[in-house]
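Structure file input_17.cif; described as mmCIF, C-alpha atoms.
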data_my_file
#
loop_
_atom_site.label_atom_id
_atom_site.label_comp_id
_atom_site.auth_asym_id
_atom_site.auth_seq_id
_atom_site.Cartn_x
_atom_site.Cartn_y
_atom_site.Cartn_z
CA MET A 900 5.17 -41.98 3.06
CA ASP A 901 2.54 -39.40 2.06
CA ASP A 902 1.00 -39.79 5.50
CA ARG A 903 4.30 -38.94 7.11
CA ILE A 904 4.64 -35.84 4.97
CA ASP A 905 1.07 -34.83 5.74
CA ASP A 906 1.78 -35.20 9.44
CA LEU A 907 4.87 -33.04 9.05
CA LEU A 908 2.90 -30.48 7.08
CA ARG A 909 0.25 -30.30 9.74
CA ASP A 910 2.72 -30.08 12.60
CA GLU A 911 5.25 -27.70 11.16
CA ALA A 912 3.16 -25.46 8.93
CA SER A 913 1.36 -23.93 11.89
CA GLY A 914 4.59 -22.16 12.78
CA TYR A 915 4.69 -20.39 9.43
CA HIS A 916 4.62 -16.64 10.09
CA GLU A 917 3.01 -17.32 13.43
CA PRO A 918 1.10 -14.15 14.32
CA PRO A 919 1.95 -12.32 17.53
CA ALA A 920 -0.74 -10.69 19.64
CA THR A 921 -2.80 -8.20 17.67
CA PRO A 922 -1.66 -4.64 18.35
CA ARG A 923 -5.28 -3.50 18.43
CA ASP A 924 -4.96 -0.11 20.04
CA ALA A 925 -1.89 0.96 18.10
CA MET A 926 -3.52 0.08 14.80
CA TRP A 927 -6.80 1.70 15.75
CA GLN A 928 -5.00 4.88 16.68
CA ARG A 929 -3.26 4.97 13.32
CA ILE A 930 -6.47 4.22 11.45
CA GLN A 931 -8.17 7.11 13.21
CA MET A 932 -5.21 9.38 12.59
CA ALA A 933 -5.14 8.54 8.90
CA ARG A 934 -8.86 9.14 8.55
CA ALA A 935 -8.69 12.38 10.53
CA GLU A 936 -5.75 13.57 8.46
CA ALA A 937 -7.66 12.82 5.30
CA ALA A 938 -10.73 14.65 6.59
CA ARG A 939 -8.65 17.63 7.70
CA ALA A 940 -6.90 17.91 4.36
CA GLU A 941 -10.22 17.60 2.59
CA ALA A 942 -11.58 20.53 4.51
CA MET A 943 -8.40 22.56 4.11
CA PRO A 944 -8.56 25.51 1.68
CA VAL A 945 -6.19 25.15 -1.24
CA ALA A 946 -4.13 28.17 -0.19
CA ALA A 947 -3.44 26.63 3.22
CA VAL A 948 -1.91 23.46 1.88
CA ALA A 949 1.66 24.59 1.41
CA PRO A 950 2.89 26.02 4.74
CA ARG A 951 3.11 22.74 6.64
CA ALA A 952 5.62 21.35 4.23
CA GLY A 953 7.34 24.72 4.09
CA ARG A 954 8.07 24.70 7.81
CA ARG A 955 10.03 21.52 7.45
CA TRP A 956 12.13 22.60 4.51
CA GLY A 957 14.86 23.71 6.85
CA ARG A 958 15.63 20.11 7.61
CA ILE A 959 16.66 19.39 4.07
CA GLY A 960 20.35 19.73 3.58
CA LEU A 961 22.33 21.59 0.98
CA GLY A 962 23.33 18.33 -0.65
CA ILE A 963 19.81 17.96 -2.00
CA ALA A 964 19.75 21.45 -3.43
CA ALA A 965 21.65 20.47 -6.52
CA VAL A 966 19.22 17.66 -7.26
CA LEU A 967 16.28 19.95 -6.71
CA ALA A 968 17.71 22.67 -8.92
CA LEU A 969 18.22 20.17 -11.68
CA GLY A 970 14.66 18.89 -11.26
CA ILE A 971 13.21 22.39 -11.26
CA GLY A 972 15.19 23.28 -14.35
CA ILE A 973 13.97 20.26 -16.25
CA GLY A 974 10.44 20.81 -14.99
CA ARG A 975 10.40 24.43 -16.13
CA TRP A 976 11.84 23.45 -19.46
CA MET A 977 9.09 20.86 -19.86
CA GLU A 978 6.46 23.46 -19.00
CA ARG A 979 7.62 25.65 -21.84
CA SER A 980 7.76 22.82 -24.35
CA PRO A 981 5.08 22.84 -27.07
CA ALA A 982 3.72 19.45 -25.99
CA THR A 983 2.60 20.67 -22.57
CA ALA A 984 1.21 23.91 -23.96
CA ALA A 985 -1.08 22.18 -26.41
CA PRO A 986 -4.65 23.47 -26.45
CA GLY A 987 -6.09 20.10 -25.48
CA ILE A 988 -4.56 20.28 -22.01
CA ALA A 989 -6.89 21.79 -19.46
CA THR A 990 -5.37 22.69 -16.14
CA ALA A 991 -8.30 24.63 -14.73
CA PRO A 992 -11.02 22.75 -12.83
CA SER A 993 -13.91 21.87 -15.06
CA PRO A 994 -17.37 23.20 -14.21
CA ALA A 995 -18.60 19.64 -13.77
CA ALA A 996 -15.98 18.98 -11.13
CA PRO A 997 -15.40 21.94 -8.84
CA ALA A 998 -12.07 22.07 -7.06
CA SER A 999 -13.79 22.39 -3.71
CA ARG A 1000 -14.51 18.68 -3.60
CA ASP A 1001 -10.86 17.71 -3.76
CA SER A 1002 -10.10 14.86 -1.43
CA SER A 1003 -6.90 14.79 0.52
CA ILE A 1004 -5.93 11.57 -1.06
CA VAL A 1005 -5.70 11.25 -4.77
CA THR A 1006 -7.23 7.94 -5.63
CA ALA A 1007 -6.54 6.17 -8.86
CA PRO A 1008 -9.74 7.11 -10.62
CA GLU A 1009 -9.02 10.77 -10.02
CA ARG A 1010 -5.91 10.41 -12.06
CA MET A 1011 -7.74 8.93 -14.99
CA ALA A 1012 -8.45 11.68 -17.45
CA VAL A 1013 -12.10 10.89 -17.97
CA PRO A 1014 -14.01 13.31 -20.18
CA SER A 1015 -16.62 15.29 -18.30
CA ALA A 1016 -19.33 13.97 -20.60
CA GLN A 1017 -18.74 10.54 -19.12
CA LEU A 1018 -18.67 11.89 -15.62
CA ALA A 1019 -22.23 13.05 -15.88
CA THR A 1020 -23.45 9.48 -15.98
CA SER A 1021 -21.40 8.37 -12.98
CA PRO A 1022 -23.30 7.96 -9.73
CA GLN A 1023 -21.97 10.37 -7.11
CA ARG A 1024 -21.84 9.61 -3.42
CA SER A 1025 -21.20 12.25 -0.87
CA PRO A 1026 -17.82 11.44 0.64
CA ARG A 1027 -17.64 10.46 4.31
CA PRO A 1028 -15.17 12.47 6.31
CA GLY A 1029 -11.79 10.85 6.38
CA THR A 1030 -12.33 8.62 3.43
CA PRO A 1031 -10.92 8.94 -0.03
CA THR A 1032 -13.39 10.06 -2.62
CA LEU A 1033 -13.75 7.37 -5.20
CA SER A 1034 -15.17 9.66 -7.79
CA VAL A 1035 -13.92 9.72 -11.35
CA ALA A 1036 -13.96 13.49 -11.43
CA ALA A 1037 -10.54 14.98 -12.04
CA PRO A 1038 -10.39 18.49 -10.65
CA GLY A 1039 -7.22 20.27 -11.62
CA ARG A 1040 -6.17 17.31 -13.62
CA PRO A 1041 -5.01 17.59 -17.16
CA ALA A 1042 -6.71 15.88 -20.03
CA GLY A 1043 -5.08 14.88 -23.26
CA SER A 1044 -2.06 12.76 -23.96
CA ALA A 1045 0.36 14.80 -21.84
CA GLY A 1046 -2.00 14.50 -18.88
CA ILE A 1047 -2.28 10.76 -19.32
CA ALA A 1048 1.49 10.47 -19.55
CA TYR A 1049 1.82 12.50 -16.37
CA ASN A 1050 -0.71 10.33 -14.57
CA VAL A 1051 1.04 7.14 -15.63
CA ALA A 1052 4.39 8.53 -14.46
CA LEU A 1053 2.82 9.67 -11.20
CA ASP A 1054 1.25 6.27 -10.51
CA GLN A 1055 4.53 4.50 -11.20
CA HIS A 1056 6.45 6.91 -9.02
CA LEU A 1057 4.04 6.64 -6.12
CA GLY A 1058 4.00 2.84 -6.40
CA GLN A 1059 7.80 2.67 -6.42
CA SER A 1060 8.05 5.10 -3.54
CA GLU A 1061 5.57 3.11 -1.49
CA ALA A 1062 7.47 -0.12 -2.06
CA PHE A 1063 10.78 1.60 -1.33
CA LEU A 1064 9.59 3.14 1.92
CA THR A 1065 8.07 -0.16 3.03
CA LEU A 1066 11.40 -1.91 2.48
CA PHE A 1067 13.34 0.94 4.02
CA ARG A 1068 11.29 0.85 7.18
CA SER A 1069 11.70 -2.92 7.45
CA SER A 1070 15.45 -2.49 7.03
CA VAL A 1071 15.53 0.12 9.76
CA ARG A 1072 13.60 -2.21 12.02
CA ALA A 1073 16.06 -4.99 11.24
CA GLY A 1074 18.93 -2.65 12.04
CA HIS A 1075 20.60 -2.81 8.67
CA VAL A 1076 19.97 -0.38 5.82
CA GLU A 1077 21.58 -1.35 2.53
CA PRO A 1078 23.66 1.42 0.92
CA VAL A 1079 21.59 0.99 -2.24
CA ALA A 1080 18.70 2.58 -0.33
CA PHE A 1081 20.40 5.97 -0.33
CA ALA A 1082 21.01 5.89 -4.07
CA THR A 1083 17.46 4.75 -4.69
CA ALA A 1084 16.13 7.58 -2.55
CA ARG A 1085 18.13 10.07 -4.61
CA HIS A 1086 16.73 8.62 -7.80
CA LEU A 1087 13.17 8.79 -6.51
CA LEU A 1088 13.79 12.28 -5.18
CA SER A 1089 14.70 13.64 -8.58
CA THR A 1090 11.60 12.07 -10.16
CA ASN A 1091 9.54 13.46 -7.32
CA ARG A 1092 10.85 16.96 -7.95
CA LEU A 1093 10.01 16.73 -11.64
CA LEU A 1094 6.48 15.65 -10.83
CA ILE A 1095 6.02 18.50 -8.36
CA ASP A 1096 7.22 21.08 -10.83
CA SER A 1097 5.29 19.82 -13.77
CA ARG A 1098 2.35 22.04 -14.59
CA ALA A 1099 0.27 18.91 -15.06
CA GLY A 1100 0.58 18.12 -11.36
CA ALA A 1101 -1.39 21.12 -10.19
CA ALA A 1102 -3.92 19.29 -7.99
CA PRO A 1103 -3.15 20.55 -4.47
CA GLN A 1104 -3.64 17.22 -2.77
CA THR A 1105 -1.19 15.62 -5.18
CA ARG A 1106 1.34 18.34 -4.50
CA GLN A 1107 0.91 17.96 -0.76
CA LEU A 1108 1.57 14.24 -0.95
CA LEU A 1109 4.57 14.73 -3.21
CA GLN A 1110 5.95 17.45 -0.96
CA ASP A 1111 5.67 15.29 2.14
CA LEU A 1112 7.21 12.42 0.22
CA GLU A 1113 10.04 14.69 -0.83
CA LEU A 1114 10.94 15.46 2.76
CA VAL A 1115 11.16 11.78 3.55
CA LEU A 1116 13.14 10.90 0.43
CA ALA A 1117 15.49 13.81 0.99
CA GLY A 1118 16.07 12.65 4.53
CA ILE A 1119 16.93 9.15 3.40
CA ALA A 1120 19.11 10.40 0.56
CA GLN A 1121 21.12 12.39 3.06
CA LEU A 1122 21.76 9.38 5.22
CA GLY A 1123 24.95 7.45 4.70
CA SER A 1124 26.73 4.54 6.22
CA ALA A 1125 28.11 6.94 8.84
CA SER A 1126 24.67 8.09 9.94
CA ASP A 1127 23.72 7.28 13.48
CA SER A 1128 20.44 5.89 14.65
CA SER A 1129 19.07 9.31 15.61
CA ASP A 1130 19.33 10.45 11.98
CA VAL A 1131 17.46 7.37 10.85
CA HIS A 1132 14.93 7.92 13.60
CA LEU A 1133 14.26 11.46 12.34
CA VAL A 1134 13.50 10.16 8.89
CA THR A 1135 11.12 7.46 10.09
CA GLU A 1136 9.50 10.06 12.34
CA ASP A 1137 8.85 12.23 9.29
CA MET A 1138 7.26 9.24 7.59
CA ASP A 1139 4.99 8.54 10.52
CA GLN A 1140 4.07 12.15 11.27
CA GLY A 1141 2.96 12.80 7.75
CA ASP A 1142 1.26 9.42 7.39
CA VAL A 1143 3.20 9.21 4.18
CA LEU A 1144 2.99 5.46 3.70
CA PRO A 1145 -0.75 5.10 4.34
CA ARG A 1146 -1.42 8.04 2.04
CA LEU A 1147 0.76 6.55 -0.65
CA ARG A 1148 -1.02 3.23 -0.32
CA THR A 1149 -4.36 4.88 -0.74
CA ALA A 1150 -3.17 6.97 -3.65
CA VAL A 1151 -1.57 4.15 -5.60
CA PRO A 1152 -4.01 2.22 -7.74
CA ALA A 1153 -4.14 -1.54 -7.38
CA GLY A 1154 -1.69 -3.40 -9.57
CA ILE A 1155 0.89 -0.64 -9.83
CA MET B 620 -24.78 -7.30 18.70
CA SER B 621 -25.16 -8.50 15.13
CA ASP B 622 -22.98 -7.26 12.32
CA ARG B 623 -26.03 -5.84 10.59
CA SER B 624 -27.00 -3.56 13.46
CA LEU B 625 -23.36 -2.55 13.93
CA ILE B 626 -23.18 -1.57 10.28
CA VAL B 627 -26.33 0.50 10.58
CA ARG B 628 -24.86 2.35 13.55
CA VAL B 629 -21.54 2.91 11.79
CA LEU B 630 -23.29 4.29 8.74
CA ALA B 631 -25.23 6.60 11.02
CA GLY B 632 -21.92 8.05 12.20
CA ASP B 633 -21.60 6.28 15.55
CA GLY B 634 -17.90 6.30 16.42
CA ASN B 635 -18.31 3.70 19.16
CA ALA B 636 -19.86 1.33 16.67
CA GLU B 637 -16.83 1.73 14.43
CA ARG B 638 -14.60 0.65 17.26
CA GLU B 639 -16.90 -2.25 18.10
CA LEU B 640 -16.87 -3.43 14.53
CA TYR B 641 -13.09 -3.13 14.45
CA ASP B 642 -12.68 -5.02 17.72
CA ALA B 643 -14.97 -7.78 16.55
CA HIS B 644 -12.97 -8.50 13.41
CA VAL B 645 -9.46 -7.19 13.77
CA ASP B 646 -7.93 -10.32 15.29
CA ARG B 647 -9.00 -12.55 12.46
CA VAL B 648 -7.93 -10.03 9.84
CA PHE B 649 -4.60 -9.44 11.53
CA ARG B 650 -3.84 -13.15 11.82
CA LEU B 651 -4.55 -13.72 8.15
CA VAL B 652 -2.59 -10.70 7.00
CA TYR B 653 0.37 -11.48 9.23
CA ARG B 654 0.47 -15.05 7.95
CA MET B 655 0.64 -13.72 4.43
CA ALA B 656 3.10 -10.87 5.04
CA GLY B 657 5.33 -12.34 7.74
CA ASP B 658 6.38 -8.86 8.80
CA MET B 659 4.94 -6.83 11.65
CA ASP B 660 5.17 -3.42 10.00
CA GLN B 661 3.71 -4.57 6.73
CA ALA B 662 0.99 -6.55 8.48
CA GLN B 663 -0.04 -3.51 10.52
CA ASP B 664 -0.07 -1.31 7.44
CA TYR B 665 -2.20 -3.74 5.48
CA VAL B 666 -4.65 -4.23 8.33
CA GLN B 667 -4.98 -0.47 8.72
CA GLU B 668 -5.56 -0.04 5.03
CA THR B 669 -8.11 -2.85 5.12
CA PHE B 670 -10.19 -1.13 7.77
CA ILE B 671 -9.84 2.32 6.23
CA LYS B 672 -11.15 0.89 2.97
CA ALA B 673 -13.83 -1.09 4.75
CA PHE B 674 -15.18 1.95 6.58
CA SER B 675 -15.18 4.02 3.42
CA ARG B 676 -17.01 1.34 1.46
CA LEU B 677 -19.30 0.03 4.15
CA ALA B 678 -22.35 1.56 2.47
CA GLU B 679 -21.63 -0.68 -0.50
CA PHE B 680 -21.69 -3.85 1.61
CA ARG B 681 -24.78 -5.71 0.49
CA GLY B 682 -24.76 -8.43 3.13
CA GLU B 683 -24.61 -11.19 0.54
CA SER B 684 -21.74 -12.72 2.50
CA ALA B 685 -20.74 -12.43 6.13
CA LEU B 686 -19.03 -9.20 7.10
CA SER B 687 -15.96 -11.21 8.13
CA THR B 688 -15.78 -12.69 4.64
CA TRP B 689 -16.10 -9.27 3.07
CA LEU B 690 -13.34 -7.93 5.31
CA GLY B 691 -11.24 -10.96 4.44
CA SER B 692 -11.60 -10.24 0.75
CA ILE B 693 -10.44 -6.64 1.25
CA ALA B 694 -7.56 -7.80 3.45
CA ILE B 695 -6.40 -10.37 0.92
CA SER B 696 -6.61 -7.89 -1.91
CA VAL B 697 -4.69 -5.21 0.00
CA THR B 698 -2.08 -7.68 1.21
CA LEU B 699 -1.40 -9.40 -2.10
CA ASN B 700 -1.24 -6.06 -3.86
CA GLY B 701 1.19 -4.70 -1.28
CA LEU B 702 3.37 -7.80 -1.32
CA ARG B 703 3.53 -7.77 -5.12
CA LYS B 704 4.64 -4.16 -5.14
CA VAL B 705 7.37 -4.80 -2.62
CA LYS B 706 8.49 -7.89 -4.51
CA ARG B 707 8.63 -6.08 -7.85
CA PHE B 708 10.50 -3.17 -6.34
CA ARG B 709 12.98 -5.45 -4.62
CA GLN B 710 13.68 -7.28 -7.87
CA ARG B 711 14.17 -3.98 -9.68
CA GLU B 712 16.48 -2.69 -6.99
CA VAL B 713 18.60 -5.83 -7.04
CA ALA B 714 18.78 -5.79 -10.83
CA LEU B 715 19.88 -2.16 -10.67
CA GLU B 716 22.70 -2.86 -8.30
CA ASP B 717 23.52 -6.31 -9.65
CA ALA B 718 23.62 -7.50 -6.08
CA PRO B 719 24.61 -11.13 -5.63
CA GLU B 720 22.06 -11.88 -2.94
CA ILE B 721 18.72 -10.71 -1.66
CA GLY B 722 18.59 -12.20 1.77
CA ARG B 723 17.18 -15.57 0.79
CA SER B 724 18.77 -18.62 2.24
CA SER B 725 20.68 -20.64 -0.28
CA ARG B 726 19.55 -24.08 -1.35
CA GLU B 727 22.91 -25.52 -0.33
CA ALA B 728 22.39 -24.43 3.22
CA ASP B 729 20.72 -27.72 4.11
CA PRO B 730 17.99 -26.07 6.11
CA ASP B 731 16.11 -27.93 8.76
CA LEU B 732 12.64 -29.17 8.09
CA LYS B 733 10.88 -26.08 9.34
CA THR B 734 13.03 -23.77 7.27
CA ARG B 735 12.55 -25.97 4.22
CA LEU B 736 8.80 -26.07 4.69
CA HIS B 737 8.48 -22.37 5.28
CA GLY B 738 10.62 -21.68 2.23
CA ALA B 739 8.40 -24.00 0.21
CA ILE B 740 5.28 -22.17 1.40
CA ASP B 741 6.90 -18.85 0.49
CA GLY B 742 7.59 -20.25 -2.94
CA LEU B 743 4.00 -21.23 -3.65
CA PRO B 744 2.15 -19.13 -6.22
CA ASP B 745 0.03 -16.44 -4.55
CA GLY B 746 -3.25 -18.24 -5.16
CA TYR B 747 -2.06 -21.54 -3.69
CA ARG B 748 -0.37 -19.88 -0.75
CA THR B 749 -3.43 -17.80 0.06
CA VAL B 750 -5.73 -20.82 0.06
CA PHE B 751 -3.23 -22.92 2.04
CA VAL B 752 -2.82 -20.23 4.69
CA MET B 753 -6.52 -19.52 4.92
CA HIS B 754 -7.63 -23.14 5.11
CA ASP B 755 -4.86 -25.10 6.78
CA MET B 756 -3.58 -22.41 9.11
CA GLU B 757 -6.45 -20.07 9.83
CA GLY B 758 -9.33 -22.50 9.53
CA TYR B 759 -11.39 -20.78 6.86
CA THR B 760 -13.88 -23.01 5.06
CA HIS B 761 -13.74 -23.43 1.30
CA GLU B 762 -17.01 -21.49 1.08
CA GLU B 763 -15.46 -18.58 2.97
CA ILE B 764 -12.31 -18.72 0.90
CA GLY B 765 -14.32 -18.86 -2.30
CA ALA B 766 -16.37 -15.84 -1.25
CA SER B 767 -13.27 -13.93 -0.14
CA LEU B 768 -11.31 -14.61 -3.30
CA GLY B 769 -14.25 -14.45 -5.66
CA VAL B 770 -13.85 -18.05 -6.81
CA HIS B 771 -15.97 -21.16 -6.60
CA PRO B 772 -15.39 -23.29 -3.47
CA GLY B 773 -14.37 -26.12 -5.78
CA THR B 774 -11.57 -23.95 -7.11
CA SER B 775 -10.43 -23.33 -3.57
CA LYS B 776 -10.36 -27.09 -2.92
CA ALA B 777 -8.40 -27.69 -6.10
CA GLN B 778 -5.87 -25.01 -5.22
CA LEU B 779 -5.42 -26.42 -1.75
CA PHE B 780 -4.88 -29.88 -3.20
CA ARG B 781 -2.22 -28.54 -5.55
CA ALA B 782 -0.59 -26.49 -2.83
CA ARG B 783 -0.27 -29.53 -0.60
CA ALA B 784 1.06 -31.57 -3.51
CA ARG B 785 3.76 -28.98 -4.13
CA LEU B 786 4.71 -28.93 -0.47
CA ARG B 787 4.86 -32.72 -0.34
CA GLU B 788 7.13 -32.62 -3.34
CA ALA B 789 9.36 -30.05 -1.69
CA LEU B 790 9.64 -32.14 1.46
CA ALA B 791 9.85 -35.58 -0.13
CA ASP B 792 13.62 -35.94 -0.09
CA PHE B 793 13.75 -34.60 3.42
CA VAL B 794 11.43 -37.34 4.62
CA THR B 795 13.38 -39.97 2.67
CA ASP B 796 16.55 -38.80 4.43
#
So that I can check it, write out the structure of this file as structure tokens.
Amino acid sequence: MDDRIDDLLRDEASGYHEPPATPRDAMWQRIQMARAEAARAEAMPVAAVAPRAGRRWGRIGLGIAAVLALGIGIGRWMERSPATAAPGIATAPSPAAPASRDSSIVTAPERMAVPSAQLATSPQRSPRPGTPTLSVAAPGRPAGSAGIAYNVALDQHLGQSEAFLTLFRSSVRAGHVEPVAFATARHLLSTNRLLIDSRAGAAPQTRQLLQDLELVLAGIAQLGSASDSSDVHLVTEDMDQGDVLPRLRTAVPAGI
Amino acid sequence: MSDRSLIVRVLAGDGNAERELYDAHVDRVFRLVYRMAGDMDQAQDYVQETFIKAFSRLAEFRGESALSTWLGSIAISVTLNGLRKVKRFRQREVALEDAPEIGRSSREADPDLKTRLHGAIDGLPDGYRTVFVMHDMEGYTHEEIGASLGVHPGTSKAQLFRARARLREALADFVTD
């Protein structure tokens, strides 16, 4: 009896998720693009970060405006609250970690508010172009409890967004997007807006990622059951053009 | 060309060597990742992330294991992490909407053997499924699996034994029928 089952296992299990031919060139192209994008953003002056996202704002519809206004309002209100204005919160880059070495991709350790005294003992490698800097330095990152809370919220948001976009893209590929996706996108969009407008989120590379993510989420939120395939295609195009998913994956720490 | 000399060239900034290294290993990585993910988009994403991480950390590769084993460990880590995130999010989304179904086939559907087996493999705990896929489907040795997963080869053998036992259990009534 066990032998029969073992035979069946051997014969049938090989068909489990049977891999198709490896799309070598397509993957290589995307790997190179992601690395080049990271290198480009790393070399980009802080002041030049915003315009790219700004050019695409026109594609966001009026329907999102209300959500954004609400998010901005809450964000501004939070900025003025005593908790975020506490003296322990440093928003300026520390001398030990100049802003010029910002990487384009915010890796998990960068979000950890590690005191600069500890940073001094950390071995530093010079980053290779196109690769995330795995340093524990936190330029433009807040310290203190509000900063930690922000970082936790940011990690959770990026993790949820990554999972959502992965599922969304699979649904698009399968030709059926569940209506719940639109509501989820709206929910994530409002959180995204709050994170962008929070003073604690001042690191330019974080803002860039959140802004690109916002365009994608806004696009999905605008879709409805009546949307045609070209609308959906525009959204997935935005995702691909901005390398949003790979950047999210790199930014989200393991286990989130 | 050996992996060692390829690594030296990559670290020296040779773009052709990067491509050579990628070409030498991508098939094996892709097969493993696809087996685990079962989805083309996700598999491609995880493979890409694997190589991006590998290139950025190549200077840290000490050569204590084969490069393929090291790449396998990154691939498994990236894939399991990605799959867990998607799974958690999906559960949260379903709970939010109180949706009655999530696209899984029902137990009453009387699936054929292949469907039953594949469902049983899907249902294995991550550790068992990883070892089962690596060993029984992709032909990794227990030593390679142990090095990739950071466990003793004996642990890999034990997990494979338990994985097979669970699958036998899942298929037992089918065979009796």
Could you write out as a ChimeraX atom specification the residues of chain B within 9 Å of chain A, counting all atoms listed in the file? /B:638,641-642,645-646,649-661,663-664,666-668,670-672,674-676,696-697,700-709,712-713,716,732-733,736-737,740,752,755-757,783,786-787,790-791,794-795
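Computed from the coordinates, the atom CA of A:Ala1073 to atom CA of A:Val1131 distance equals 12.4 Å.
Selection result for the displayed file, with the PyMOL selection byres ((chain B and resi 623) around 12) as criterion, is B:Met620, B:Ser621, B:Asp622, B:Ser624, B:Leu625, B:Ile626, B:Val627, B:Arg628, B:Val629, B:Leu630, B:Ala636, B:Leu640, B:Leu677, B:Ala678, B:Phe680, B:Arg681, B:Gly682, B:Glu683, B:Ser684, B:Ala685, B:Leu686, B:Ser687.
You will find atom CA of A:Leu1108 at 20.6 Å from atom CA of A:Phe1081.
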List as number ranges by chain the protein and nucleic acid residues near A:Leu1122, meaning an atom at most 10 Å away when only C-alpha atoms are counted, but skip any in the same chain fewer than 2 places from it. A: 1076, 1078, 1080-1082, 1084, 1116-1120, 1124-1127, 1130-1131, 1134
